[in-house]
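Undergrad: To be precise about what I am sending: the file is called target_34.txt and holds compact mmCIF, C-alpha atoms and all ligand atoms.
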```
# COMPACT_ATOMS: atom_id res chain seq x y z
CA MET A 268 0.00 0.00 0.00
CA ASP A 269 1.15 3.54 -0.74
CA HIS A 270 3.36 4.80 2.07
CA LEU A 271 1.52 8.11 2.45
CA ILE A 272 -1.83 6.35 2.71
CA ALA A 273 -0.43 3.99 5.35
CA GLU A 274 0.92 7.00 7.26
CA LYS A 275 -2.51 8.69 7.15
CA ILE A 276 -4.15 5.52 8.49
CA SER A 277 -1.55 5.27 11.25
CA SER A 278 -2.54 8.78 12.36
CA ILE A 279 -6.07 7.47 12.96
CA CYS A 280 -5.21 4.33 14.90
CA GLU A 281 -2.56 1.72 15.57
CA ILE A 282 -1.65 -0.27 12.48
CA LYS A 283 0.58 -3.16 11.50
CA GLU A 284 1.87 -3.08 7.93
CA ASN A 285 2.43 -6.17 5.77
CA TYR A 286 1.24 -8.29 8.65
CA LYS A 287 0.88 -12.05 8.42
CA LEU A 288 -2.76 -12.92 9.01
CA SER A 289 -1.77 -16.39 10.24
CA ASN A 290 -0.70 -14.55 13.42
CA ILE A 291 -4.24 -13.47 14.20
CA SER A 292 -6.29 -16.38 12.87
CA SER A 293 -7.42 -19.36 14.95
CA PHE A 294 -6.60 -21.55 11.91
CA LYS A 295 -3.04 -20.08 11.98
CA ILE A 296 -3.33 -19.68 8.20
CA GLY A 297 -3.12 -16.62 5.96
CA GLY A 298 -0.69 -14.48 4.01
CA GLU A 299 0.07 -10.81 4.61
CA ALA A 300 -2.51 -8.06 4.81
CA ASP A 301 -1.36 -4.67 3.54
CA ILE A 302 -2.58 -3.27 6.84
CA VAL A 303 -4.12 -4.65 10.02
CA ALA A 304 -5.76 -1.71 11.81
CA LEU A 305 -6.59 -1.76 15.50
CA PRO A 306 -8.95 1.11 16.40
CA ASP A 307 -9.49 1.36 20.15
CA SER A 308 -12.69 3.40 20.07
CA ILE A 309 -15.88 3.72 18.05
CA ASP A 310 -14.79 7.23 16.97
CA LYS A 311 -11.50 5.92 15.58
CA LEU A 312 -13.29 3.07 13.83
CA SER A 313 -15.67 5.61 12.26
CA SER A 314 -12.77 7.79 11.06
CA LEU A 315 -10.97 4.77 9.67
CA VAL A 316 -14.00 3.55 7.72
CA LYS A 317 -14.66 7.07 6.44
CA PHE A 318 -11.04 7.29 5.24
CA ALA A 319 -11.15 3.85 3.59
CA GLU A 320 -14.47 4.62 1.88
CA SER A 321 -13.34 8.01 0.59
CA HIS A 322 -10.06 6.57 -0.76
CA LYS A 323 -11.79 3.46 -2.15
CA ILE A 324 -9.59 1.16 -0.08
CA ARG A 325 -10.94 -2.38 0.49
CA TYR A 326 -11.51 -3.33 4.11
CA ARG A 327 -12.91 -6.21 6.13
CA VAL A 328 -13.74 -6.34 9.82
CA VAL A 329 -12.78 -9.23 12.06
CA GLY A 330 -12.99 -9.82 15.78
CA ASN A 331 -10.89 -12.75 16.93
CA ALA A 332 -10.72 -14.33 13.46
CA SER A 333 -11.95 -17.64 14.91
CA ASN A 334 -14.53 -18.27 12.19
CA VAL A 335 -12.64 -17.13 9.12
CA LEU A 336 -10.06 -18.63 6.79
CA PHE A 337 -7.64 -16.08 5.37
CA SER A 338 -6.21 -16.71 1.89
CA ASP A 339 -2.58 -17.76 1.54
CA GLU A 340 -2.25 -14.66 -0.68
CA GLY A 341 -3.26 -12.40 2.19
CA PHE A 342 -5.51 -9.38 1.82
CA ARG A 343 -5.06 -6.29 -0.34
CA GLY A 344 -6.44 -3.49 1.79
CA ILE A 345 -7.19 -3.11 5.49
CA ILE A 346 -8.18 -5.83 7.92
CA ILE A 347 -9.87 -3.97 10.76
CA LYS A 348 -9.54 -5.93 13.99
CA THR A 349 -11.86 -4.84 16.77
CA SER A 350 -9.95 -6.38 19.69
CA LYS A 351 -8.99 -2.99 21.18
CA MET A 352 -12.61 -1.84 21.29
CA ASN A 353 -13.10 -3.72 24.51
CA LYS A 354 -15.09 -1.73 27.06
CA ILE A 355 -17.93 -3.14 29.13
CA TYR A 356 -20.51 -0.81 30.72
CA PHE A 357 -22.66 -2.20 33.52
CA ARG A 358 -25.98 -0.31 33.72
CA THR A 359 -29.14 -0.90 35.72
CA ASN A 360 -31.07 -2.93 33.16
CA GLU A 361 -28.45 -3.74 30.58
CA THR A 362 -24.83 -4.57 29.99
CA LEU A 363 -23.43 -2.61 27.07
CA VAL A 364 -20.45 -4.34 25.50
CA GLU A 365 -18.09 -3.13 22.76
CA ALA A 366 -17.59 -5.37 19.75
CA GLY A 367 -14.04 -6.44 20.52
CA VAL A 368 -14.65 -7.96 23.95
CA PRO A 369 -13.87 -11.71 23.85
CA VAL A 370 -17.07 -13.52 24.82
CA THR A 371 -15.32 -16.00 27.10
CA LYS A 372 -13.75 -13.11 29.02
CA LEU A 373 -17.15 -11.42 29.08
CA ALA A 374 -18.80 -14.53 30.54
CA MET A 375 -16.15 -14.59 33.27
CA GLU A 376 -16.49 -10.87 33.91
CA VAL A 377 -20.29 -10.88 34.34
CA SER A 378 -20.14 -13.99 36.51
CA LYS A 379 -18.19 -11.92 39.06
CA TYR A 380 -21.42 -9.97 39.54
CA SER A 381 -23.54 -13.17 39.62
CA MET A 382 -25.08 -12.29 36.28
CA SER A 383 -26.47 -15.23 34.37
CA GLY A 384 -27.26 -15.72 30.67
CA LEU A 385 -23.81 -15.94 29.10
CA GLU A 386 -22.66 -19.28 30.52
CA PHE A 387 -23.19 -20.99 27.15
CA ALA A 388 -20.63 -18.67 25.56
CA TYR A 389 -17.82 -19.63 27.92
CA GLY A 390 -15.24 -21.32 25.69
CA ILE A 391 -16.36 -19.76 22.38
CA PRO A 392 -13.14 -18.08 21.19
CA GLY A 393 -14.84 -15.18 19.38
CA SER A 394 -15.43 -11.49 20.05
CA LEU A 395 -18.83 -10.06 20.88
CA GLY A 396 -19.13 -8.52 17.37
CA GLY A 397 -18.31 -11.83 15.67
CA ALA A 398 -20.64 -13.72 18.00
CA VAL A 399 -23.57 -11.39 17.29
CA TYR A 400 -22.85 -11.46 13.54
CA MET A 401 -22.78 -15.29 13.59
CA ASN A 402 -25.48 -15.63 16.27
CA ALA A 403 -22.97 -17.96 17.91
CA GLY A 404 -24.30 -20.60 20.21
CA ALA A 405 -23.53 -23.69 22.24
CA PHE A 406 -25.15 -25.98 24.82
CA GLY A 407 -28.65 -24.85 23.89
CA GLY A 408 -27.93 -21.12 24.21
CA GLU A 409 -27.26 -18.50 21.54
CA PHE A 410 -26.63 -14.78 21.42
CA SER A 411 -30.08 -13.95 20.10
CA ASN A 412 -31.48 -14.96 23.52
CA ILE A 413 -29.70 -12.17 25.36
CA ILE A 414 -29.59 -9.26 22.90
CA ASN A 415 -31.57 -6.07 23.57
CA TYR A 416 -30.20 -4.04 20.68
CA VAL A 417 -27.07 -3.72 18.61
CA ASN A 418 -25.27 -0.52 17.62
CA VAL A 419 -23.78 -0.61 14.15
CA LEU A 420 -21.71 1.72 12.03
CA VAL A 421 -23.28 2.09 8.61
CA PRO A 422 -20.81 3.53 6.08
CA HIS A 423 -21.84 7.04 4.87
CA LYS A 424 -24.55 7.15 7.54
CA GLY A 425 -23.06 6.80 11.02
CA ILE A 426 -24.09 4.88 14.13
CA VAL A 427 -27.52 3.24 13.97
CA THR A 428 -29.31 1.19 16.64
CA ILE A 429 -30.83 -2.09 15.49
CA GLU A 430 -33.48 -3.32 17.92
CA LYS A 431 -33.57 -7.06 18.61
CA LYS A 432 -36.70 -7.65 16.52
CA LYS A 433 -34.89 -6.24 13.50
CA CYS A 434 -31.79 -8.40 13.99
CA GLU A 435 -33.42 -11.32 12.11
CA PHE A 436 -31.50 -13.91 14.09
CA GLY A 437 -31.57 -17.46 12.81
CA TYR A 438 -29.33 -20.49 13.16
CA ARG A 439 -25.81 -18.98 12.70
CA ASP A 440 -27.52 -16.17 10.82
CA SER A 441 -28.39 -12.55 11.47
CA TRP A 442 -29.42 -9.34 9.73
CA PHE A 443 -25.80 -8.16 10.00
CA GLN A 444 -24.66 -10.83 7.51
CA HIS A 445 -26.91 -9.36 4.84
CA ASN A 446 -26.42 -5.64 5.38
CA ASN A 447 -23.28 -3.60 5.00
CA CYS A 448 -22.47 -2.51 8.54
CA ILE A 449 -20.01 -2.96 11.38
CA ILE A 450 -21.20 -3.99 14.81
CA VAL A 451 -19.69 -1.59 17.33
CA ALA A 452 -21.50 -2.61 20.53
CA ALA A 453 -24.43 -4.62 21.80
CA SER A 454 -26.71 -4.32 24.79
CA LEU A 455 -27.23 -7.60 26.60
CA SER A 456 -30.00 -8.54 28.95
CA LEU A 457 -28.65 -10.69 31.78
CA THR A 458 -30.41 -11.85 34.91
CA LYS A 459 -29.30 -12.09 38.51
CA GLY A 460 -28.22 -15.63 39.30
CA ASN A 461 -26.27 -17.68 41.77
CA LYS A 462 -22.50 -17.29 41.34
CA ALA A 463 -21.64 -20.86 42.32
CA GLU A 464 -24.21 -22.25 39.89
CA ILE A 465 -23.01 -19.97 37.09
CA ASP A 466 -19.36 -20.94 37.63
CA ASN A 467 -20.26 -24.59 37.86
CA LYS A 468 -22.15 -24.47 34.56
CA MET A 469 -19.26 -22.69 32.84
CA ASN A 470 -16.71 -25.17 34.14
CA ASN A 471 -18.82 -28.12 32.97
CA TYR A 472 -19.18 -26.61 29.51
CA MET A 473 -15.43 -26.02 29.29
CA PHE A 474 -14.75 -29.55 30.46
CA GLU A 475 -17.08 -30.92 27.77
CA ARG A 476 -15.30 -28.84 25.10
CA MET A 477 -11.93 -30.10 26.24
CA GLU A 478 -13.17 -33.68 26.16
CA LYS A 479 -14.84 -33.57 22.75
CA GLN A 480 -13.02 -30.96 20.69
CA PRO A 481 -9.48 -30.98 19.25
CA LEU A 482 -8.49 -27.80 21.08
CA ASP A 483 -4.79 -28.61 20.78
CA LYS A 484 -4.88 -27.97 17.01
CA PRO A 485 -5.66 -24.74 15.11
CA SER A 486 -9.17 -24.69 13.60
CA ALA A 487 -12.24 -22.53 13.18
CA GLY A 488 -14.36 -24.76 15.39
CA SER A 489 -17.13 -26.69 13.63
CA ALA A 490 -16.32 -26.38 9.95
CA PHE A 491 -19.90 -26.97 8.80
CA LYS A 492 -23.29 -25.69 9.85
CA ARG A 493 -25.70 -28.17 11.37
CA PRO A 494 -27.90 -29.51 8.57
CA HIS A 495 -31.63 -29.92 9.10
CA ASN A 496 -32.36 -32.92 11.37
CA ALA A 497 -28.75 -34.12 11.47
CA PHE A 498 -25.29 -33.38 12.84
CA ALA A 499 -22.49 -32.59 10.41
CA GLY A 500 -19.87 -34.37 12.55
CA GLN A 501 -21.94 -37.53 12.71
CA LEU A 502 -22.52 -37.60 8.94
CA ILE A 503 -18.81 -37.03 8.26
CA GLU A 504 -17.84 -39.76 10.70
CA ASN A 505 -20.42 -42.17 9.19
CA ALA A 506 -19.00 -41.43 5.75
CA GLY A 507 -15.67 -42.74 7.06
CA LEU A 508 -13.93 -39.39 6.65
CA LYS A 509 -12.31 -39.03 10.08
CA GLY A 510 -8.59 -38.50 9.55
CA MET A 511 -8.95 -37.62 5.85
CA THR A 512 -6.27 -35.13 4.78
CA VAL A 513 -5.49 -32.72 1.98
CA GLY A 514 -1.97 -31.37 2.39
CA GLY A 515 -1.69 -30.22 6.00
CA ALA A 516 -5.45 -30.00 6.58
CA LYS A 517 -7.21 -32.88 8.29
CA VAL A 518 -10.68 -33.96 9.37
CA SER A 519 -10.15 -34.25 13.11
CA GLU A 520 -10.12 -37.77 14.48
CA LYS A 521 -11.43 -36.46 17.80
CA HIS A 522 -14.44 -34.58 16.33
CA ALA A 523 -15.25 -35.12 12.65
CA GLY A 524 -17.02 -31.76 12.44
CA PHE A 525 -13.69 -29.97 12.89
CA ILE A 526 -11.17 -29.39 10.11
CA ILE A 527 -7.81 -28.84 11.74
CA ASN A 528 -4.57 -27.32 10.59
CA ASP A 529 -2.58 -30.43 11.38
CA ASN A 530 0.67 -29.66 9.65
CA SER A 531 1.29 -26.20 8.15
CA ALA A 532 -1.90 -26.34 6.09
CA SER A 533 -2.54 -23.74 3.42
CA SER A 534 -5.91 -22.11 2.89
CA LYS A 535 -6.07 -24.10 -0.35
CA ASP A 536 -5.71 -27.35 1.61
CA VAL A 537 -8.57 -26.41 3.94
CA MET A 538 -10.86 -25.30 1.10
CA GLU A 539 -10.12 -28.44 -0.92
CA LEU A 540 -10.66 -30.74 2.04
CA SER A 541 -13.94 -29.06 2.97
CA GLU A 542 -15.10 -29.33 -0.67
CA ARG A 543 -14.33 -33.04 -0.73
CA VAL A 544 -16.17 -33.59 2.56
CA ILE A 545 -19.20 -31.72 1.18
CA GLU A 546 -19.13 -33.80 -2.02
CA ILE A 547 -18.79 -37.17 -0.28
CA VAL A 548 -21.50 -36.45 2.32
CA LYS A 549 -23.84 -35.33 -0.49
CA GLU A 550 -23.06 -38.48 -2.44
CA LYS A 551 -23.52 -40.86 0.50
CA PHE A 552 -26.41 -39.29 2.40
CA ASN A 553 -27.87 -36.73 0.01
CA VAL A 554 -27.32 -34.00 2.61
CA GLN A 555 -25.89 -30.67 1.50
CA LEU A 556 -23.35 -29.43 4.05
CA GLU A 557 -22.52 -25.76 4.18
CA ARG A 558 -19.24 -24.31 5.45
CA GLU A 559 -19.61 -22.31 8.64
CA PHE A 560 -16.32 -20.40 8.46
CA GLU A 561 -15.89 -17.63 5.92
CA TYR A 562 -13.08 -17.47 3.36
CA ILE A 563 -11.50 -14.03 3.16
CA ASP A 564 -9.26 -13.13 0.25
C1 LIG A 601 -12.10 -24.06 19.04
C2 LIG A 601 -13.32 -23.31 18.54
C3 LIG A 601 -14.54 -23.53 19.12
C4 LIG A 601 -15.68 -22.84 18.65
N1 LIG A 601 -16.88 -23.08 19.26
C5 LIG A 601 -17.97 -22.44 18.81
C6 LIG A 601 -19.24 -22.68 19.41
O1 LIG A 601 -19.39 -23.42 20.36
N2 LIG A 601 -20.32 -22.01 18.90
C7 LIG A 601 -20.21 -21.16 17.85
O2 LIG A 601 -21.24 -20.59 17.44
N3 LIG A 601 -19.03 -20.90 17.27
C8 LIG A 601 -17.90 -21.51 17.73
N4 LIG A 601 -16.70 -21.26 17.13
C9 LIG A 601 -16.62 -20.34 15.98
C10 LIG A 601 -16.34 -18.87 16.34
O3 LIG A 601 -15.61 -18.78 17.55
C11 LIG A 601 -17.65 -18.08 16.45
O4 LIG A 601 -18.32 -18.07 15.21
C12 LIG A 601 -17.40 -16.63 16.89
O5 LIG A 601 -18.62 -16.03 17.16
C13 LIG A 601 -16.67 -15.82 15.84
O6 LIG A 601 -16.28 -14.60 16.44
P1 LIG A 601 -14.97 -13.85 15.94
O7 LIG A 601 -14.84 -12.58 16.69
O8 LIG A 601 -13.79 -14.75 15.98
O9 LIG A 601 -15.39 -13.56 14.45
P2 LIG A 601 -14.43 -13.53 13.18
O10 LIG A 601 -13.96 -14.90 12.86
O11 LIG A 601 -13.42 -12.48 13.36
O12 LIG A 601 -15.48 -13.08 12.07
C14 LIG A 601 -16.53 -13.94 11.72
C15 LIG A 601 -17.49 -13.15 10.80
O13 LIG A 601 -18.04 -12.09 11.57
C16 LIG A 601 -17.75 -10.83 10.94
N5 LIG A 601 -17.49 -9.88 12.03
C17 LIG A 601 -16.65 -10.01 13.07
N6 LIG A 601 -16.73 -8.92 13.86
C18 LIG A 601 -17.64 -8.10 13.30
C19 LIG A 601 -18.15 -6.82 13.63
N7 LIG A 601 -17.75 -6.15 14.73
N8 LIG A 601 -19.08 -6.27 12.81
C20 LIG A 601 -19.51 -6.93 11.69
N9 LIG A 601 -19.05 -8.12 11.33
C21 LIG A 601 -18.14 -8.71 12.12
C22 LIG A 601 -16.50 -11.08 10.10
O14 LIG A 601 -16.40 -10.18 9.01
C23 LIG A 601 -16.76 -12.51 9.61
O15 LIG A 601 -17.61 -12.50 8.51
C24 LIG A 601 -15.56 -21.92 17.58
C25 LIG A 601 -14.30 -21.69 17.02
C26 LIG A 601 -13.17 -22.37 17.48
C27 LIG A 601 -11.84 -22.08 16.88
```
Kindly transcribe the structure held in the file into structure tokens.
Ligand SMILES: Cc1cc2nc3c(=O)[nH]c(=O)nc-3n(C[C@H](O)[C@H](O)[C@H](O)COP(=O)(O)OP(=O)(O)OC[C@H]3O[C@@H](n4cnc5c(N)ncnc54)[C@H](O)[C@@H]3O)c2cc1C

TA:
Amino acid sequence: MDHLIAEKISSICEIKENYKLSNISSFKIGGEADIVALPDSIDKLSSLVKFAESHKIRYRVVGNASNVLFSDEGFRGIIIKTSKMNKIYFRTNETLVEAGVPVTKLAMEVSKYSMSGLEFAYGIPGSLGGAVYMNAGAFGGEFSNIINYVNVLVPHKGIVTIEKKKCEFGYRDSWFQHNNCIIVAASLSLTKGNKAEIDNKMNNYMFERMEKQPLDKPSAGSAFKRPHNAFAGQLIENAGLKGMTVGGAKVSEKHAGFIINDNSASSKDVMELSERVIEIVKEKFNVQLEREFEYID
């Protein structure tokens, strides 16, 4: 990227130039982005987006990059990472949380005040923004259950509040996936609970994750969405695909729903392996799997 442009962006917020995206991705895959920008406030994010829009510079927003696969070729433009927008405001009837707050940290934080509702999210390695965008869920809970409203930055318009009923939450789906906006904060509705019970629930969930998921290997979690009336992992296992590899990418032997970066996998390896899994499951069971993680190039 042009040096003067990079300098201008660095006057708005912290940046890293020619930065390897494998360093920030849970898959540990990805070539260099021209710029990774780390705004630490909503104002700085707004200025950054305004600058990028007016100079026609491509940009993409990520939180913890735990549900994305970056291309081996990297990204031409700006990857905006929200992790420094990480304030939590406790108010009487709501908890207002900035997009970059990691949801596992958030679950721990609210449990200190005996606030219940986020236990399910303990162990999800995403940010609040990414979790709202994906309507992330686990153990029977999902973000849609606890959202009051979401504040988004709409390019050329500014900050807009999207009330829960307009969020169009579905299974791993939300309004935000279909409209050009950046989630900057969300208001959560949590209830007063019993701290010991909350902590106990969270510990059990974490234990279950550690038992069932290949957490020792880089991945994006479940690689496929749950198909109607079935479980992707079960179908993949029944198709005999556990342990299948393409290059360094592998269908986890511990949990067939996970594609892991077993040995310096490239993004091409992961995409090819996931394609083959989709094809074979379709052939054997006539079920169409859909990738859950997003490819960014
Ligand atoms: C080991 C492991 C376990 C996992 N377990 C679960 C689980 O139990 N349940 C589950 O649902 N998911 C799970 N995931 C997947 C992932 O953690 C979730 O989807 C999470 O919500 C993604 O958040 P993120 O901040 O990492 O998003 P990213 O990966 O950074 O981004 C995901 C998508 O959200 C968009 N996005 C991110 N932030 C914003 C924002 N502020 N505004 C607008 N768009 C935004 C990105 O552009 C991208 O399209 C798991 C992943 C791993 C690696």

Undergrad: Between A:Lys275, A:Lys431, A:Lys521, A:Lys484, single out the one closest to ligand LIG 601 (chain A), counting all atoms listed in the file.

TA: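 Nearest to ligand LIG 601 (chain A): A:Lys484.
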
Undergrad: Residues at most 7 Å from ligand LIG 601 (chain A), using all atoms listed in the file? Could they come as a PyMOL selection string?

TA: chain A and resi 293+327-335+349+366-367+390-405+439+443+448-451+482+485-489+561

Undergrad: Using all atoms listed in the file, which residues sit within 6 Å of A:Thr362 once same-chain residues fewer than 3 positions away are excluded, as a list in words?

TA: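 Residues near the query, excluding close chain neighbours: Tyr356, Phe357, Arg358, Ser454 and Leu455 of chain A.
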
Undergrad: Identify which of the residues A:His445, A:Lys509, A:Lys551, A:Lys348 lies closest to A:Lys283, counting only C-alpha atoms when measuring atom-to-atom distances.

TA: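 Ranked by minimum distance to A:Lys283, first place goes to A:Lys348.
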
Undergrad: Counting only C-alpha atoms, what is within 10 Å of A:Glu504, bar same-chain residues fewer than 3 positions away, as a list in words?

TA: Ala499, Gly500, Gln501, Gly507, Leu508, Lys509, Gly510, Val518, Ser519, Glu520, His522, Ala523, Gly524 and Val548 of chain A

Undergrad: So that I can see what lies close to A:Asp310, please list as a PyMOL selection string the residues with an atom at most 12 Å from it, counting all atoms listed in the file and leaving out residues fewer than 3 positions away in the same chain.

TA: chain A and resi 279-280+306-307+313-317+352+420+425-426+451

Undergrad: Env of A:Thr428: 9 Å cut, atoms = only C-alpha atoms, seq-sep filter 5 positions within chain, self excluded. Answer as a list in words.

TA: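 Selected residues are Tyr416, Val417, Asn418, Val419 and Leu420 of chain A.
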
Undergrad: Between A:Val427, A:Leu556, A:Ala516, A:Ile347, which is the closest to A:Leu540 once you count all atoms listed in the file?

TA: A:Ala516

Undergrad: Just give me the residues with any atom within 12 Å of (-8.3, -12.6, 1.8), file coordinates, counting all atoms listed in the file, written as a compact mmCIF listing (two decimals) with C-alpha atoms, in the frame of the given file.

TA:
```txt
# COMPACT_ATOMS: atom_id res chain seq x y z
CA LYS A 287 0.88 -12.05 8.42
CA LEU A 288 -2.76 -12.92 9.01
CA SER A 289 -1.77 -16.39 10.24
CA SER A 292 -6.29 -16.38 12.87
CA ILE A 296 -3.33 -19.68 8.20
CA GLY A 297 -3.12 -16.62 5.96
CA GLY A 298 -0.69 -14.48 4.01
CA GLU A 299 0.07 -10.81 4.61
CA ALA A 300 -2.51 -8.06 4.81
CA ASP A 301 -1.36 -4.67 3.54
CA ARG A 325 -10.94 -2.38 0.49
CA TYR A 326 -11.51 -3.33 4.11
CA ARG A 327 -12.91 -6.21 6.13
CA VAL A 328 -13.74 -6.34 9.82
CA VAL A 329 -12.78 -9.23 12.06
CA VAL A 335 -12.64 -17.13 9.12
CA LEU A 336 -10.06 -18.63 6.79
CA PHE A 337 -7.64 -16.08 5.37
CA SER A 338 -6.21 -16.71 1.89
CA ASP A 339 -2.58 -17.76 1.54
CA GLU A 340 -2.25 -14.66 -0.68
CA GLY A 341 -3.26 -12.40 2.19
CA PHE A 342 -5.51 -9.38 1.82
CA ARG A 343 -5.06 -6.29 -0.34
CA GLY A 344 -6.44 -3.49 1.79
CA ILE A 345 -7.19 -3.11 5.49
CA ILE A 346 -8.18 -5.83 7.92
CA SER A 534 -5.91 -22.11 2.89
CA LYS A 535 -6.07 -24.10 -0.35
CA GLU A 561 -15.89 -17.63 5.92
CA TYR A 562 -13.08 -17.47 3.36
CA ILE A 563 -11.50 -14.03 3.16
CA ASP A 564 -9.26 -13.13 0.25
```

Undergrad: Generate the missing atoms of stretch 489-513 of chain A up to N, CA and C atoms and report them as a short mmCIF file (atom, residue, chain, number, x, y, z; two decimals), in the coordinates of the input.

TA:
```
data_model
loop_
_atom_site.label_atom_id
_atom_site.label_comp_id
_atom_site.auth_asym_id
_atom_site.auth_seq_id
_atom_site.Cartn_x
_atom_site.Cartn_y
_atom_site.Cartn_z
N SER A 489 -16.38 -25.84 14.56
CA SER A 489 -17.13 -26.69 13.63
C SER A 489 -17.01 -26.09 12.23
N ALA A 490 -16.57 -26.91 11.29
CA ALA A 490 -16.32 -26.38 9.95
C ALA A 490 -17.61 -26.23 9.16
N PHE A 491 -18.65 -26.97 9.56
CA PHE A 491 -19.90 -26.97 8.80
C PHE A 491 -21.08 -26.63 9.70
N LYS A 492 -22.06 -25.98 9.10
CA LYS A 492 -23.29 -25.69 9.85
C LYS A 492 -24.05 -26.98 10.07
N ARG A 493 -24.89 -26.98 11.08
CA ARG A 493 -25.70 -28.17 11.37
C ARG A 493 -26.79 -28.28 10.30
N PRO A 494 -26.81 -29.38 9.55
CA PRO A 494 -27.90 -29.51 8.57
C PRO A 494 -29.21 -29.84 9.27
N HIS A 495 -30.31 -29.66 8.54
CA HIS A 495 -31.63 -29.92 9.10
C HIS A 495 -31.71 -31.37 9.59
N ASN A 496 -32.13 -31.57 10.83
CA ASN A 496 -32.36 -32.92 11.37
C ASN A 496 -31.13 -33.83 11.38
N ALA A 497 -29.95 -33.27 11.44
CA ALA A 497 -28.75 -34.12 11.47
C ALA A 497 -27.59 -33.34 12.10
N PHE A 498 -26.49 -34.03 12.35
CA PHE A 498 -25.29 -33.38 12.84
C PHE A 498 -24.18 -33.58 11.81
N ALA A 499 -23.52 -32.50 11.45
CA ALA A 499 -22.49 -32.59 10.41
C ALA A 499 -21.40 -33.59 10.83
N GLY A 500 -20.95 -33.49 12.08
CA GLY A 500 -19.87 -34.37 12.55
C GLY A 500 -20.23 -35.84 12.42
N GLN A 501 -21.47 -36.15 12.77
CA GLN A 501 -21.94 -37.53 12.71
C GLN A 501 -21.95 -38.04 11.26
N LEU A 502 -22.47 -37.22 10.35
CA LEU A 502 -22.52 -37.60 8.94
C LEU A 502 -21.10 -37.82 8.39
N ILE A 503 -20.20 -36.95 8.77
CA ILE A 503 -18.81 -37.03 8.26
C ILE A 503 -18.14 -38.30 8.81
N GLU A 504 -18.41 -38.55 10.09
CA GLU A 504 -17.84 -39.76 10.70
C GLU A 504 -18.43 -41.01 10.03
N ASN A 505 -19.77 -41.02 9.82
CA ASN A 505 -20.42 -42.17 9.19
C ASN A 505 -19.96 -42.39 7.75
N ALA A 506 -19.51 -41.30 7.13
CA ALA A 506 -19.00 -41.43 5.75
C ALA A 506 -17.56 -41.96 5.76
N GLY A 507 -17.03 -42.17 6.95
CA GLY A 507 -15.67 -42.74 7.06
C GLY A 507 -14.57 -41.71 6.80
N LEU A 508 -14.88 -40.44 7.05
CA LEU A 508 -13.93 -39.39 6.65
C LEU A 508 -13.03 -38.89 7.79
N LYS A 509 -13.19 -39.45 8.97
CA LYS A 509 -12.31 -39.03 10.08
C LYS A 509 -10.86 -39.28 9.67
N GLY A 510 -10.01 -38.31 9.86
CA GLY A 510 -8.59 -38.50 9.55
C GLY A 510 -8.23 -38.21 8.11
N MET A 511 -9.24 -37.92 7.26
CA MET A 511 -8.95 -37.62 5.85
C MET A 511 -8.11 -36.33 5.77
N THR A 512 -7.13 -36.33 4.88
CA THR A 512 -6.27 -35.13 4.78
C THR A 512 -6.19 -34.63 3.34
N VAL A 513 -5.97 -33.33 3.23
CA VAL A 513 -5.49 -32.72 1.98
C VAL A 513 -4.34 -31.82 2.42
#
```
